[in-house]
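Below is upload-v3.txt, which holds compact mmCIF, N, CA and C atoms.
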```txt
# COMPACT_ATOMS: atom_id res chain seq x y z
N MET A 1 -0.93 -9.80 -34.41
CA MET A 1 -0.69 -10.45 -33.14
C MET A 1 -2.03 -10.92 -32.57
N LYS A 2 -2.19 -12.23 -32.39
CA LYS A 2 -3.43 -12.80 -31.86
C LYS A 2 -3.18 -13.24 -30.42
N ILE A 3 -3.84 -12.60 -29.48
CA ILE A 3 -3.67 -12.92 -28.06
C ILE A 3 -4.49 -14.16 -27.74
N VAL A 4 -3.82 -15.16 -27.15
CA VAL A 4 -4.48 -16.43 -26.83
C VAL A 4 -4.91 -16.46 -25.38
N ALA A 5 -4.05 -15.95 -24.46
CA ALA A 5 -4.37 -15.97 -23.03
C ALA A 5 -3.71 -14.78 -22.35
N THR A 6 -4.38 -14.25 -21.33
CA THR A 6 -3.81 -13.17 -20.53
C THR A 6 -3.93 -13.52 -19.05
N ASN A 7 -3.04 -12.96 -18.27
CA ASN A 7 -3.05 -13.14 -16.83
C ASN A 7 -3.45 -11.80 -16.21
N ARG A 8 -4.74 -11.58 -16.05
CA ARG A 8 -5.23 -10.31 -15.53
C ARG A 8 -4.94 -10.17 -14.04
N LYS A 9 -4.79 -11.28 -13.36
CA LYS A 9 -4.51 -11.27 -11.93
C LYS A 9 -3.12 -10.70 -11.62
N ALA A 10 -2.21 -10.80 -12.58
CA ALA A 10 -0.83 -10.37 -12.35
C ALA A 10 -0.73 -8.87 -12.08
N SER A 11 -1.49 -8.06 -12.81
CA SER A 11 -1.41 -6.61 -12.60
C SER A 11 -2.02 -6.20 -11.26
N PHE A 12 -2.90 -7.02 -10.71
CA PHE A 12 -3.47 -6.74 -9.39
C PHE A 12 -2.52 -7.18 -8.28
N GLU A 13 -1.85 -8.31 -8.47
CA GLU A 13 -0.98 -8.87 -7.43
C GLU A 13 0.42 -8.26 -7.41
N TYR A 14 0.89 -7.71 -8.55
CA TYR A 14 2.27 -7.27 -8.66
C TYR A 14 2.38 -5.89 -9.31
N PHE A 15 3.48 -5.19 -9.00
CA PHE A 15 3.90 -4.02 -9.77
C PHE A 15 4.74 -4.56 -10.91
N ILE A 16 4.35 -4.31 -12.14
CA ILE A 16 5.10 -4.80 -13.29
C ILE A 16 6.19 -3.80 -13.63
N ILE A 17 7.45 -4.25 -13.54
CA ILE A 17 8.60 -3.38 -13.74
C ILE A 17 9.08 -3.40 -15.19
N ASP A 18 9.22 -4.58 -15.76
CA ASP A 18 9.75 -4.72 -17.10
C ASP A 18 9.12 -5.92 -17.78
N LYS A 19 9.07 -5.89 -19.13
CA LYS A 19 8.47 -6.98 -19.89
C LYS A 19 9.44 -7.47 -20.95
N TYR A 20 9.43 -8.79 -21.16
CA TYR A 20 10.28 -9.42 -22.16
C TYR A 20 9.43 -10.37 -23.00
N GLU A 21 9.84 -10.58 -24.24
CA GLU A 21 9.16 -11.52 -25.12
C GLU A 21 10.00 -12.79 -25.21
N ALA A 22 9.38 -13.94 -24.94
CA ALA A 22 10.11 -15.20 -24.97
C ALA A 22 9.37 -16.20 -25.84
N GLY A 23 10.15 -17.01 -26.55
CA GLY A 23 9.57 -18.14 -27.27
C GLY A 23 9.39 -19.30 -26.31
N ILE A 24 8.76 -20.35 -26.76
CA ILE A 24 8.51 -21.50 -25.88
C ILE A 24 8.62 -22.78 -26.70
N LYS A 25 9.20 -23.83 -26.08
CA LYS A 25 9.31 -25.13 -26.73
C LYS A 25 8.05 -25.93 -26.42
N LEU A 26 7.33 -26.33 -27.47
CA LEU A 26 6.11 -27.11 -27.31
C LEU A 26 6.15 -28.34 -28.21
N THR A 27 5.37 -29.35 -27.84
CA THR A 27 5.22 -30.53 -28.69
C THR A 27 4.07 -30.28 -29.67
N GLY A 28 3.87 -31.20 -30.60
CA GLY A 28 2.85 -31.04 -31.62
C GLY A 28 1.44 -30.95 -31.09
N THR A 29 1.09 -31.81 -30.14
CA THR A 29 -0.28 -31.78 -29.61
C THR A 29 -0.50 -30.53 -28.76
N GLU A 30 0.56 -30.01 -28.13
CA GLU A 30 0.41 -28.80 -27.32
C GLU A 30 0.07 -27.60 -28.20
N ILE A 31 0.78 -27.43 -29.29
CA ILE A 31 0.53 -26.27 -30.14
C ILE A 31 -0.84 -26.35 -30.80
N LYS A 32 -1.30 -27.56 -31.12
CA LYS A 32 -2.64 -27.71 -31.70
C LYS A 32 -3.70 -27.35 -30.67
N SER A 33 -3.48 -27.70 -29.42
CA SER A 33 -4.42 -27.37 -28.37
C SER A 33 -4.42 -25.85 -28.11
N VAL A 34 -3.24 -25.22 -28.17
CA VAL A 34 -3.15 -23.77 -27.98
C VAL A 34 -3.88 -23.05 -29.11
N ARG A 35 -3.72 -23.53 -30.33
CA ARG A 35 -4.42 -22.91 -31.47
C ARG A 35 -5.93 -23.01 -31.31
N ALA A 36 -6.40 -24.04 -30.59
CA ALA A 36 -7.83 -24.19 -30.30
C ALA A 36 -8.26 -23.31 -29.12
N GLY A 37 -7.30 -22.64 -28.47
CA GLY A 37 -7.62 -21.73 -27.38
C GLY A 37 -7.70 -22.37 -26.02
N LYS A 38 -7.16 -23.56 -25.85
CA LYS A 38 -7.26 -24.27 -24.58
C LYS A 38 -5.98 -24.11 -23.77
N ILE A 39 -5.72 -22.88 -23.33
CA ILE A 39 -4.53 -22.55 -22.56
C ILE A 39 -4.92 -21.64 -21.41
N ASN A 40 -4.23 -21.81 -20.27
CA ASN A 40 -4.48 -21.00 -19.08
C ASN A 40 -3.14 -20.66 -18.45
N ILE A 41 -2.85 -19.37 -18.28
CA ILE A 41 -1.58 -18.95 -17.68
C ILE A 41 -1.79 -18.18 -16.37
N ASN A 42 -2.95 -18.29 -15.75
CA ASN A 42 -3.24 -17.52 -14.54
C ASN A 42 -2.31 -17.87 -13.38
N ASP A 43 -1.89 -19.10 -13.25
CA ASP A 43 -1.01 -19.49 -12.14
C ASP A 43 0.43 -19.69 -12.59
N ALA A 44 0.76 -19.32 -13.82
CA ALA A 44 2.08 -19.60 -14.37
C ALA A 44 3.13 -18.63 -13.83
N TYR A 45 4.30 -19.17 -13.54
CA TYR A 45 5.45 -18.35 -13.14
C TYR A 45 6.70 -18.97 -13.73
N ILE A 46 7.79 -18.20 -13.72
CA ILE A 46 9.02 -18.60 -14.39
C ILE A 46 10.14 -18.73 -13.37
N ILE A 47 10.92 -19.79 -13.52
CA ILE A 47 12.14 -19.95 -12.73
C ILE A 47 13.31 -20.10 -13.69
N ILE A 48 14.50 -19.78 -13.19
CA ILE A 48 15.72 -19.94 -13.99
C ILE A 48 16.58 -20.98 -13.30
N ARG A 49 16.81 -22.08 -14.00
CA ARG A 49 17.58 -23.19 -13.47
C ARG A 49 18.71 -23.52 -14.46
N ASN A 50 19.95 -23.50 -14.01
CA ASN A 50 21.12 -23.78 -14.86
C ASN A 50 21.15 -22.86 -16.09
N ASN A 51 20.93 -21.58 -15.87
CA ASN A 51 20.93 -20.56 -16.93
C ASN A 51 19.93 -20.87 -18.04
N CYS A 52 18.82 -21.48 -17.69
CA CYS A 52 17.77 -21.79 -18.65
C CYS A 52 16.41 -21.50 -18.00
N PRO A 53 15.59 -20.63 -18.59
CA PRO A 53 14.29 -20.31 -17.99
C PRO A 53 13.24 -21.37 -18.30
N TYR A 54 12.44 -21.69 -17.29
CA TYR A 54 11.35 -22.65 -17.42
C TYR A 54 10.07 -22.02 -16.91
N ILE A 55 8.96 -22.36 -17.54
CA ILE A 55 7.66 -21.89 -17.09
C ILE A 55 6.94 -23.06 -16.40
N LEU A 56 6.41 -22.79 -15.23
CA LEU A 56 5.73 -23.81 -14.43
C LEU A 56 4.26 -23.45 -14.28
N ASN A 57 3.42 -24.45 -14.11
CA ASN A 57 1.98 -24.30 -13.86
C ASN A 57 1.20 -23.68 -15.01
N MET A 58 1.74 -23.70 -16.21
CA MET A 58 0.97 -23.26 -17.36
C MET A 58 0.14 -24.46 -17.83
N HIS A 59 -1.16 -24.29 -17.90
CA HIS A 59 -2.05 -25.41 -18.22
C HIS A 59 -2.44 -25.36 -19.70
N ILE A 60 -2.08 -26.40 -20.43
CA ILE A 60 -2.53 -26.58 -21.81
C ILE A 60 -3.33 -27.87 -21.84
N ALA A 61 -4.61 -27.78 -22.19
CA ALA A 61 -5.49 -28.95 -22.17
C ALA A 61 -5.04 -29.99 -23.19
N LYS A 62 -5.38 -31.24 -22.93
CA LYS A 62 -5.02 -32.32 -23.85
C LYS A 62 -5.74 -32.12 -25.19
N TYR A 63 -5.03 -32.48 -26.25
CA TYR A 63 -5.60 -32.36 -27.59
C TYR A 63 -6.58 -33.50 -27.82
N ASP A 64 -7.74 -33.19 -28.36
CA ASP A 64 -8.82 -34.18 -28.52
C ASP A 64 -8.41 -35.39 -29.36
N LYS A 65 -7.67 -35.15 -30.42
CA LYS A 65 -7.31 -36.23 -31.35
C LYS A 65 -5.87 -36.69 -31.16
N GLY A 66 -5.32 -36.48 -29.97
CA GLY A 66 -3.91 -36.77 -29.74
C GLY A 66 -3.61 -38.14 -29.17
N ASN A 67 -4.57 -38.97 -28.92
CA ASN A 67 -4.52 -40.29 -28.27
C ASN A 67 -3.19 -40.66 -27.62
N LEU A 68 -2.36 -41.45 -28.24
CA LEU A 68 -1.14 -41.99 -27.65
C LEU A 68 -0.08 -40.91 -27.43
N TYR A 69 -0.02 -39.92 -28.27
CA TYR A 69 1.04 -38.92 -28.23
C TYR A 69 0.65 -37.65 -27.49
N ASN A 70 -0.38 -37.71 -26.67
CA ASN A 70 -0.80 -36.53 -25.92
C ASN A 70 0.23 -36.16 -24.87
N HIS A 71 0.15 -34.94 -24.40
CA HIS A 71 1.13 -34.37 -23.48
C HIS A 71 0.56 -34.29 -22.06
N ASP A 72 1.45 -34.09 -21.10
CA ASP A 72 1.04 -33.82 -19.73
C ASP A 72 0.57 -32.36 -19.68
N GLU A 73 -0.55 -32.09 -19.02
CA GLU A 73 -1.17 -30.77 -19.10
C GLU A 73 -0.38 -29.66 -18.43
N THR A 74 0.25 -29.92 -17.30
CA THR A 74 0.97 -28.85 -16.59
C THR A 74 2.46 -29.13 -16.48
N ARG A 75 3.04 -29.72 -17.49
CA ARG A 75 4.46 -30.03 -17.43
C ARG A 75 5.30 -28.76 -17.48
N THR A 76 6.55 -28.86 -17.04
CA THR A 76 7.48 -27.74 -17.08
C THR A 76 7.97 -27.58 -18.52
N ARG A 77 7.85 -26.36 -19.04
CA ARG A 77 8.24 -26.10 -20.43
C ARG A 77 9.39 -25.10 -20.46
N GLU A 78 10.27 -25.28 -21.44
CA GLU A 78 11.44 -24.41 -21.56
C GLU A 78 11.09 -23.16 -22.35
N LEU A 79 11.57 -22.01 -21.86
CA LEU A 79 11.41 -20.75 -22.56
C LEU A 79 12.68 -20.42 -23.33
N LEU A 80 12.54 -19.67 -24.40
CA LEU A 80 13.66 -19.32 -25.25
C LEU A 80 13.91 -17.81 -25.17
N LEU A 81 15.03 -17.45 -24.56
CA LEU A 81 15.43 -16.05 -24.43
C LEU A 81 16.90 -15.92 -24.83
N HIS A 82 17.33 -14.69 -25.11
CA HIS A 82 18.74 -14.46 -25.38
C HIS A 82 19.54 -14.62 -24.09
N LYS A 83 20.79 -14.99 -24.23
CA LYS A 83 21.65 -15.26 -23.07
C LYS A 83 21.77 -14.02 -22.16
N HIS A 84 21.96 -12.84 -22.76
CA HIS A 84 22.11 -11.63 -21.94
C HIS A 84 20.82 -11.30 -21.20
N GLU A 85 19.66 -11.62 -21.78
CA GLU A 85 18.40 -11.39 -21.08
C GLU A 85 18.25 -12.36 -19.91
N ILE A 86 18.65 -13.60 -20.10
CA ILE A 86 18.57 -14.60 -19.03
C ILE A 86 19.44 -14.18 -17.86
N LEU A 87 20.68 -13.76 -18.14
CA LEU A 87 21.59 -13.34 -17.07
C LEU A 87 21.07 -12.12 -16.34
N LYS A 88 20.51 -11.17 -17.08
CA LYS A 88 19.95 -9.96 -16.48
C LYS A 88 18.78 -10.30 -15.56
N LEU A 89 17.87 -11.16 -16.05
CA LEU A 89 16.71 -11.56 -15.25
C LEU A 89 17.13 -12.34 -14.01
N GLU A 90 18.08 -13.24 -14.17
CA GLU A 90 18.55 -14.04 -13.04
C GLU A 90 19.15 -13.16 -11.96
N GLN A 91 19.91 -12.16 -12.38
CA GLN A 91 20.52 -11.24 -11.42
C GLN A 91 19.45 -10.43 -10.68
N LYS A 92 18.45 -9.93 -11.41
CA LYS A 92 17.38 -9.16 -10.78
C LYS A 92 16.59 -10.00 -9.78
N VAL A 93 16.33 -11.26 -10.13
CA VAL A 93 15.55 -12.13 -9.24
C VAL A 93 16.34 -12.42 -7.97
N LYS A 94 17.63 -12.71 -8.12
CA LYS A 94 18.45 -13.06 -6.94
C LYS A 94 18.73 -11.87 -6.04
N LEU A 95 19.15 -10.75 -6.61
CA LEU A 95 19.58 -9.62 -5.81
C LEU A 95 18.44 -8.74 -5.32
N ASP A 96 17.46 -8.47 -6.16
CA ASP A 96 16.39 -7.54 -5.80
C ASP A 96 15.15 -8.22 -5.25
N GLY A 97 15.10 -9.56 -5.30
CA GLY A 97 13.95 -10.28 -4.77
C GLY A 97 12.69 -10.10 -5.62
N LEU A 98 12.86 -9.97 -6.92
CA LEU A 98 11.72 -9.80 -7.81
C LEU A 98 11.22 -11.16 -8.29
N THR A 99 10.08 -11.17 -8.96
CA THR A 99 9.44 -12.40 -9.43
C THR A 99 9.25 -12.33 -10.94
N LEU A 100 9.33 -13.48 -11.59
CA LEU A 100 9.05 -13.57 -13.02
C LEU A 100 7.69 -14.23 -13.21
N VAL A 101 6.78 -13.52 -13.90
CA VAL A 101 5.42 -13.99 -14.08
C VAL A 101 5.06 -13.93 -15.56
N ALA A 102 4.32 -14.92 -16.05
CA ALA A 102 3.82 -14.90 -17.42
C ALA A 102 2.54 -14.07 -17.44
N THR A 103 2.51 -13.02 -18.26
CA THR A 103 1.34 -12.14 -18.29
C THR A 103 0.50 -12.28 -19.55
N LYS A 104 1.09 -12.80 -20.63
CA LYS A 104 0.34 -12.88 -21.88
C LYS A 104 0.92 -13.99 -22.74
N ALA A 105 0.05 -14.69 -23.47
CA ALA A 105 0.47 -15.67 -24.47
C ALA A 105 -0.18 -15.26 -25.79
N TYR A 106 0.62 -15.16 -26.85
CA TYR A 106 0.10 -14.68 -28.12
C TYR A 106 0.87 -15.28 -29.28
N PHE A 107 0.26 -15.25 -30.45
CA PHE A 107 0.91 -15.70 -31.67
C PHE A 107 1.50 -14.51 -32.39
N LYS A 108 2.78 -14.61 -32.72
CA LYS A 108 3.46 -13.61 -33.53
C LYS A 108 3.85 -14.35 -34.80
N ASP A 109 3.24 -14.01 -35.91
CA ASP A 109 3.29 -14.78 -37.15
C ASP A 109 2.73 -16.17 -36.84
N ALA A 110 3.53 -17.22 -36.93
CA ALA A 110 3.02 -18.57 -36.65
C ALA A 110 3.57 -19.12 -35.35
N LEU A 111 4.33 -18.31 -34.60
CA LEU A 111 5.00 -18.80 -33.40
C LEU A 111 4.31 -18.31 -32.14
N LEU A 112 4.25 -19.16 -31.13
CA LEU A 112 3.68 -18.78 -29.85
C LEU A 112 4.74 -18.07 -29.03
N LYS A 113 4.39 -16.92 -28.49
CA LYS A 113 5.29 -16.14 -27.65
C LYS A 113 4.65 -15.95 -26.29
N ILE A 114 5.50 -15.87 -25.27
CA ILE A 114 5.05 -15.63 -23.90
C ILE A 114 5.63 -14.29 -23.46
N GLU A 115 4.79 -13.43 -22.90
CA GLU A 115 5.27 -12.17 -22.35
C GLU A 115 5.67 -12.42 -20.90
N VAL A 116 6.96 -12.30 -20.63
CA VAL A 116 7.51 -12.53 -19.30
C VAL A 116 7.67 -11.17 -18.63
N SER A 117 7.07 -11.00 -17.46
CA SER A 117 7.13 -9.73 -16.74
C SER A 117 7.96 -9.88 -15.47
N LEU A 118 8.82 -8.91 -15.26
CA LEU A 118 9.62 -8.82 -14.04
C LEU A 118 8.79 -8.01 -13.06
N CYS A 119 8.40 -8.60 -11.94
CA CYS A 119 7.41 -8.00 -11.04
C CYS A 119 7.91 -7.92 -9.60
N LYS A 120 7.31 -6.98 -8.89
CA LYS A 120 7.52 -6.84 -7.45
C LYS A 120 6.16 -6.97 -6.79
N GLY A 121 6.06 -7.78 -5.76
CA GLY A 121 4.78 -8.05 -5.11
C GLY A 121 4.19 -6.83 -4.43
N LYS A 122 2.86 -6.69 -4.49
CA LYS A 122 2.16 -5.59 -3.84
C LYS A 122 1.80 -5.98 -2.42
N LYS A 123 1.79 -5.00 -1.56
CA LYS A 123 1.31 -5.18 -0.20
C LYS A 123 -0.21 -5.02 -0.20
N LEU A 124 -0.85 -5.36 0.92
CA LEU A 124 -2.31 -5.32 1.01
C LEU A 124 -2.85 -3.91 0.80
N ASN A 125 -2.18 -2.90 1.37
CA ASN A 125 -2.69 -1.54 1.21
C ASN A 125 -2.55 -1.05 -0.23
N ASP A 126 -1.53 -1.51 -0.96
CA ASP A 126 -1.39 -1.16 -2.37
C ASP A 126 -2.55 -1.73 -3.19
N LYS A 127 -2.96 -2.95 -2.85
CA LYS A 127 -4.08 -3.58 -3.55
C LYS A 127 -5.37 -2.81 -3.27
N ARG A 128 -5.53 -2.34 -2.03
CA ARG A 128 -6.72 -1.56 -1.69
C ARG A 128 -6.75 -0.25 -2.47
N GLU A 129 -5.60 0.39 -2.60
CA GLU A 129 -5.51 1.63 -3.37
C GLU A 129 -5.88 1.39 -4.84
N ALA A 130 -5.42 0.28 -5.39
CA ALA A 130 -5.74 -0.04 -6.79
C ALA A 130 -7.25 -0.24 -6.95
N LEU A 131 -7.88 -0.90 -5.99
CA LEU A 131 -9.33 -1.10 -6.04
C LEU A 131 -10.07 0.23 -5.94
N LYS A 132 -9.59 1.14 -5.07
CA LYS A 132 -10.22 2.46 -4.93
C LYS A 132 -10.11 3.26 -6.23
N GLU A 133 -8.94 3.21 -6.86
CA GLU A 133 -8.74 3.93 -8.12
C GLU A 133 -9.66 3.39 -9.21
N ALA A 134 -9.76 2.07 -9.31
CA ALA A 134 -10.62 1.46 -10.32
C ALA A 134 -12.08 1.84 -10.08
N ASP A 135 -12.49 1.85 -8.81
CA ASP A 135 -13.86 2.22 -8.47
C ASP A 135 -14.13 3.68 -8.82
N ALA A 136 -13.18 4.56 -8.55
CA ALA A 136 -13.33 5.98 -8.87
C ALA A 136 -13.43 6.19 -10.38
N LYS A 137 -12.62 5.48 -11.14
CA LYS A 137 -12.67 5.59 -12.61
C LYS A 137 -14.02 5.13 -13.13
N ARG A 138 -14.52 4.03 -12.57
CA ARG A 138 -15.81 3.50 -12.98
C ARG A 138 -16.94 4.51 -12.70
N LYS A 139 -16.89 5.14 -11.52
CA LYS A 139 -17.93 6.11 -11.15
C LYS A 139 -17.88 7.34 -12.05
N THR A 140 -16.68 7.84 -12.34
CA THR A 140 -16.57 9.02 -13.20
C THR A 140 -17.02 8.70 -14.62
N ALA A 141 -16.70 7.52 -15.12
CA ALA A 141 -17.13 7.14 -16.46
C ALA A 141 -18.66 7.04 -16.53
N LYS A 142 -19.27 6.51 -15.48
CA LYS A 142 -20.72 6.40 -15.44
C LYS A 142 -21.37 7.78 -15.36
N ALA A 143 -20.80 8.65 -14.53
CA ALA A 143 -21.34 10.01 -14.40
C ALA A 143 -21.20 10.77 -15.71
N LEU A 144 -20.09 10.61 -16.38
CA LEU A 144 -19.88 11.29 -17.67
C LEU A 144 -20.86 10.76 -18.72
N LYS A 145 -21.10 9.47 -18.70
CA LYS A 145 -22.05 8.86 -19.65
C LYS A 145 -23.45 9.38 -19.39
N ASP A 146 -23.86 9.48 -18.11
CA ASP A 146 -25.17 9.99 -17.76
C ASP A 146 -25.30 11.47 -18.12
N TYR A 147 -24.22 12.23 -17.96
CA TYR A 147 -24.22 13.66 -18.25
C TYR A 147 -24.36 13.91 -19.75
N MET A 148 -23.77 13.04 -20.58
CA MET A 148 -23.76 13.22 -22.02
C MET A 148 -25.13 12.92 -22.65
N ARG A 149 -26.02 12.29 -21.93
CA ARG A 149 -27.35 11.95 -22.47
C ARG A 149 -28.19 13.14 -22.66
```
For this file, write the structure as structure tokens.
Amino acid sequence: MKIVATNRKASFEYFIIDKYEAGIKLTGTEIKSVRAGKININDAYIIIRNNCPYILNMHIAKYDKGNLYNHDETRTRELLLHKHEILKLEQKVKLDGLTLVATKAYFKDALLKIEVSLCKGKKLNDKREALKEADAKRKTAKALKDYMR
């Protein structure tokens, strides 16, 4: 599994409840650009329209040698999930007020997969607690490293 892009901001902004693996429909120039590593999913999120999931704001840079057949960089792309997963996600989003966020893009064999996370937004004090915990871990790791010398 080769990870192409990650959304590190998602774990800070949201509580991640569940994760799903989804395929994605891409054109030829898009997949060539992704293989070159020119993808950004930091602002990407997923909506479900007419029982079909779509990813929005995922940026794939134009392919250098794609001239006439190049793609739009931030177009809406269709995700590929099983029907029961789509219905389950749609129900969770509507009833529980959760959000669908893209957290990782990776190659599984020769296919690009998107990790779709079902998330609940964090409040400001939750974000502060996460920062305090990270700071405490950093300090203890540094103290342990200094102690081991």
Just list as a tab-separated table (two decimals) with N, CA and C atoms, keeping the file's coordinate frame whatever in stretch 13-122 of chain A DSSP marks as helix (DSSP H, G or I).
```tsv
chain	number	residue	atom	x	y	z
A	13	GLU	N	-1.85	-8.31	-8.47
A	13	GLU	CA	-0.98	-8.87	-7.43
A	13	GLU	C	0.42	-8.26	-7.41
A	28	GLY	N	3.87	-31.20	-30.60
A	28	GLY	CA	2.85	-31.04	-31.62
A	28	GLY	C	1.44	-30.95	-31.09
A	29	THR	N	1.09	-31.81	-30.14
A	29	THR	CA	-0.28	-31.78	-29.61
A	29	THR	C	-0.50	-30.53	-28.76
A	30	GLU	N	0.56	-30.01	-28.13
A	30	GLU	CA	0.41	-28.80	-27.32
A	30	GLU	C	0.07	-27.60	-28.20
A	31	ILE	N	0.78	-27.43	-29.29
A	31	ILE	CA	0.53	-26.27	-30.14
A	31	ILE	C	-0.84	-26.35	-30.80
A	32	LYS	N	-1.30	-27.56	-31.12
A	32	LYS	CA	-2.64	-27.71	-31.70
A	32	LYS	C	-3.70	-27.35	-30.67
A	33	SER	N	-3.48	-27.70	-29.42
A	33	SER	CA	-4.42	-27.37	-28.37
A	33	SER	C	-4.42	-25.85	-28.11
A	34	VAL	N	-3.24	-25.22	-28.17
A	34	VAL	CA	-3.15	-23.77	-27.98
A	34	VAL	C	-3.88	-23.05	-29.11
A	35	ARG	N	-3.72	-23.53	-30.33
A	35	ARG	CA	-4.42	-22.91	-31.47
A	35	ARG	C	-5.93	-23.01	-31.31
A	67	ASN	N	-4.57	-38.97	-28.92
A	67	ASN	CA	-4.52	-40.29	-28.27
A	67	ASN	C	-3.19	-40.66	-27.62
A	68	LEU	N	-2.36	-41.45	-28.24
A	68	LEU	CA	-1.14	-41.99	-27.65
A	68	LEU	C	-0.08	-40.91	-27.43
A	69	TYR	N	-0.02	-39.92	-28.27
A	69	TYR	CA	1.04	-38.92	-28.23
A	69	TYR	C	0.65	-37.65	-27.49
A	83	LYS	N	20.79	-14.99	-24.23
A	83	LYS	CA	21.65	-15.26	-23.07
A	83	LYS	C	21.77	-14.02	-22.16
A	84	HIS	N	21.96	-12.84	-22.76
A	84	HIS	CA	22.11	-11.63	-21.94
A	84	HIS	C	20.82	-11.30	-21.20
A	85	GLU	N	19.66	-11.62	-21.78
A	85	GLU	CA	18.40	-11.39	-21.08
A	85	GLU	C	18.25	-12.36	-19.91
A	86	ILE	N	18.65	-13.60	-20.10
A	86	ILE	CA	18.57	-14.60	-19.03
A	86	ILE	C	19.44	-14.18	-17.86
A	87	LEU	N	20.68	-13.76	-18.14
A	87	LEU	CA	21.59	-13.34	-17.07
A	87	LEU	C	21.07	-12.12	-16.34
A	88	LYS	N	20.51	-11.17	-17.08
A	88	LYS	CA	19.95	-9.96	-16.48
A	88	LYS	C	18.78	-10.30	-15.56
A	89	LEU	N	17.87	-11.16	-16.05
A	89	LEU	CA	16.71	-11.56	-15.25
A	89	LEU	C	17.13	-12.34	-14.01
A	90	GLU	N	18.08	-13.24	-14.17
A	90	GLU	CA	18.55	-14.04	-13.04
A	90	GLU	C	19.15	-13.16	-11.96
A	91	GLN	N	19.91	-12.16	-12.38
A	91	GLN	CA	20.52	-11.24	-11.42
A	91	GLN	C	19.45	-10.43	-10.68
A	92	LYS	N	18.45	-9.93	-11.41
A	92	LYS	CA	17.38	-9.16	-10.78
A	92	LYS	C	16.59	-10.00	-9.78
A	93	VAL	N	16.33	-11.26	-10.13
A	93	VAL	CA	15.55	-12.13	-9.24
A	93	VAL	C	16.34	-12.42	-7.97
A	94	LYS	N	17.63	-12.71	-8.12
A	94	LYS	CA	18.45	-13.06	-6.94
A	94	LYS	C	18.73	-11.87	-6.04
A	95	LEU	N	19.15	-10.75	-6.61
A	95	LEU	CA	19.58	-9.62	-5.81
A	95	LEU	C	18.44	-8.74	-5.32
A	96	ASP	N	17.46	-8.47	-6.16
A	96	ASP	CA	16.39	-7.54	-5.80
A	96	ASP	C	15.15	-8.22	-5.25
```
| query | Which residue, A:Tyr69, A:Tyr147, A:Tyr45, A:Tyr54, has the smallest gap to A:Thr99 when you use only N, CA and C atoms? | reply | A:Tyr45
| Do you know which residues are at most 12 Å from A:Ile31 counting only C-alpha atoms, after dropping those on the same chain fewer than 5 positions away, and could you put them as a VMD selection string? | chain A and resid 4 24 to 26 36 to 39 60 to 63 66 70 to 71 106 to 107 110 to 113
| message | Please list as a list in words every residue within 7 Å of A:Gly97, counting all atoms listed in the file and excluding residues in the same chain fewer than 3 positions away. | response |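 What passes the distance filter is Gln91, Lys92, Val93, Lys94, Cys119 and Lys120 of chain A.
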| Exercise: A:Leu81 partners within 8 Å, only C-alpha atoms, chain neighbours under 6 positions left out, as a ChimeraX atom specification | /A:21-23,53
With N, CA and C atoms retained, could you export that selection as an mmCIF file, in the coordinates of the input?
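See part.cif below for the written result:
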```
data_model
loop_
_atom_site.group_PDB
_atom_site.id
_atom_site.type_symbol
_atom_site.label_atom_id
_atom_site.label_comp_id
_atom_site.auth_asym_id
_atom_site.auth_seq_id
_atom_site.Cartn_x
_atom_site.Cartn_y
_atom_site.Cartn_z
ATOM 1 N N GLU A 21 9.840 -10.580 -24.240
ATOM 2 C CA GLU A 21 9.160 -11.520 -25.120
ATOM 3 C C GLU A 21 10.000 -12.790 -25.210
ATOM 4 N N ALA A 22 9.380 -13.940 -24.940
ATOM 5 C CA ALA A 22 10.110 -15.200 -24.970
ATOM 6 C C ALA A 22 9.370 -16.200 -25.840
ATOM 7 N N GLY A 23 10.150 -17.010 -26.550
ATOM 8 C CA GLY A 23 9.570 -18.140 -27.270
ATOM 9 C C GLY A 23 9.390 -19.300 -26.310
ATOM 10 N N PRO A 53 15.590 -20.630 -18.590
ATOM 11 C CA PRO A 53 14.290 -20.310 -17.990
ATOM 12 C C PRO A 53 13.240 -21.370 -18.300
#
```
| said: Need the shell around A:Ile46: protein/DNA/RNA residues with any atom at most 6 Å away, counting all atoms listed in the file. Skip same-chain ones fewer than 6 positions apart. Format as an NGL selection string? | reply: :A and (54-56 or 100-102)
